[in-house]
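Okay, structure first, notes after.
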Amino acid sequence: MGDAVNEIGPIDYLVVEFPGNHMTGEGLPLLVDLVDRGIIRIMDLVFIKKELDGSVVAVEIADLTGDGKADLAVFEGASSGMLGQDDMEEAAAVLQPGDSAGILVYENLWAAPLAAALRRGGAQLVAGGRIPAEAVLAALDAA
């Protein structure tokens, strides 16, 4: 694992909510494009649904296809095994009953060479985070 950890890029995750379990699939071709161009590598992609009774179930990707709008079969098998039921429960905590979500874990391949060079030089990542787009726009408007 020593050499592999030195060469890996930063790993991020996203939880994308679909209110009312309504998915259009509009973003999927863009996700495929990011993978095809070597910008990211999908490590895990799981879809979950919060049932009306509050229970959380994983939705098979194959169950999401067939509407003619989005071909999710390309994501079949995108699982490193890192995401467990506890992760799905945590992600579902922000969902309303009847809503669904996609949980995406991905490696930032574009940043891997920089991360590897920094590690070889003895640097360590000591903090990270993400600034919501709304906060950036509000700060720009205020400036």
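In the structure tokens, the first chain shown is A, the next is B, and so on; residue numbers restart at 1 for each chain, and ligands run from 1 in the order shown.
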Test item: residues at most 12 Å from region 119-136 of chain A, only C-alpha atoms, excluding those fewer than 2 positions along its chain, as a VMD selection string: chain A and resid 2 to 14 112 to 117 138 to 143
Selection: 10 Å around Val57 (chain A), only C-alpha atoms, excl. self and same-chain fewer than 2 positions, as a ChimeraX atom specification: /A:47-51,54-55,59-60,85,88-89,92,100
Limited to N, CA and C atoms, could you put the picked residues into a file as a PDB file, in the first residue's frame?
```pdb
ATOM      1  N   PHE A  47     -26.954   4.737  -5.003  1.00  0.00           N
ATOM      2  CA  PHE A  47     -28.201   5.475  -4.915  1.00  0.00           C
ATOM      3  C   PHE A  47     -28.994   4.913  -3.748  1.00  0.00           C
ATOM      4  N   ILE A  48     -29.577   5.812  -2.967  1.00  0.00           N
ATOM      5  CA  ILE A  48     -30.369   5.411  -1.817  1.00  0.00           C
ATOM      6  C   ILE A  48     -31.729   6.088  -1.877  1.00  0.00           C
ATOM      7  N   LYS A  49     -32.671   5.514  -1.160  1.00  0.00           N
ATOM      8  CA  LYS A  49     -33.994   6.127  -1.044  1.00  0.00           C
ATOM      9  C   LYS A  49     -34.402   6.084   0.421  1.00  0.00           C
ATOM     10  N   LYS A  50     -34.941   7.197   0.883  1.00  0.00           N
ATOM     11  CA  LYS A  50     -35.493   7.242   2.232  1.00  0.00           C
ATOM     12  C   LYS A  50     -36.985   6.966   2.109  1.00  0.00           C
ATOM     13  N   GLU A  51     -37.384   5.825   2.629  1.00  0.00           N
ATOM     14  CA  GLU A  51     -38.785   5.421   2.540  1.00  0.00           C
ATOM     15  C   GLU A  51     -39.654   6.316   3.418  1.00  0.00           C
ATOM     16  N   GLY A  54     -39.088   6.237   7.027  1.00  0.00           N
ATOM     17  CA  GLY A  54     -37.782   6.683   7.494  1.00  0.00           C
ATOM     18  C   GLY A  54     -36.667   5.686   7.277  1.00  0.00           C
ATOM     19  N   SER A  55     -36.990   4.470   6.870  1.00  0.00           N
ATOM     20  CA  SER A  55     -35.937   3.484   6.606  1.00  0.00           C
ATOM     21  C   SER A  55     -35.189   3.860   5.326  1.00  0.00           C
ATOM     22  N   VAL A  59     -30.670   1.489  -3.719  1.00  0.00           N
ATOM     23  CA  VAL A  59     -31.387   1.242  -4.960  1.00  0.00           C
ATOM     24  C   VAL A  59     -30.366   0.754  -5.974  1.00  0.00           C
ATOM     25  N   GLU A  60     -30.635  -0.407  -6.529  1.00  0.00           N
ATOM     26  CA  GLU A  60     -29.733  -0.948  -7.540  1.00  0.00           C
ATOM     27  C   GLU A  60     -29.727  -0.030  -8.760  1.00  0.00           C
ATOM     28  N   GLN A  85     -23.598   0.535   5.129  1.00  0.00           N
ATOM     29  CA  GLN A  85     -24.946   0.934   5.530  1.00  0.00           C
ATOM     30  C   GLN A  85     -24.903   2.158   6.433  1.00  0.00           C
ATOM     31  N   MET A  88     -24.654   5.208   4.333  1.00  0.00           N
ATOM     32  CA  MET A  88     -25.928   5.498   3.670  1.00  0.00           C
ATOM     33  C   MET A  88     -26.923   6.101   4.659  1.00  0.00           C
ATOM     34  N   GLU A  89     -26.939   5.588   5.888  1.00  0.00           N
ATOM     35  CA  GLU A  89     -27.823   6.131   6.925  1.00  0.00           C
ATOM     36  C   GLU A  89     -27.460   7.580   7.236  1.00  0.00           C
ATOM     37  N   ALA A  92     -28.565   9.783   4.437  1.00  0.00           N
ATOM     38  CA  ALA A  92     -30.025   9.875   4.386  1.00  0.00           C
ATOM     39  C   ALA A  92     -30.588  10.756   5.496  1.00  0.00           C
ATOM     40  N   SER A 100     -34.708  10.639  -2.639  1.00  0.00           N
ATOM     41  CA  SER A 100     -33.588   9.745  -2.899  1.00  0.00           C
ATOM     42  C   SER A 100     -32.325  10.581  -3.052  1.00  0.00           C
TER      43      SER A 100
END
```
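Of the residues under consideration (A:Leu104, A:Leu137, A:Ala91, A:Ala111), A:Leu104 shows the shortest atom-to-atom contact distance to Leu28 (chain A) when counting only C-alpha atoms.
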Secondary structure check, strand (DSSP E or B) residues of chain A, as a PyMOL selection string: chain A and resi 11-18+40-50+56-59+79+100-108
Region 38-45 of chain A surroundings by only C-alpha atoms, 8 Å radius, close-in-sequence under 5 positions cut, as a PyMOL selection string: chain A and resi 75+78-83+102-110
All helix (DSSP H, G or I) residues (DSSP, backbone) inside chain A, as a ChimeraX atom specification: /A:2-7,19-21,28-36,61-64,72-75,85-92,109-120,133-142
Gap from CA of Asp99 (chain A) to CA of Leu31 (chain A) - Å, one decimal: 21.5 Å
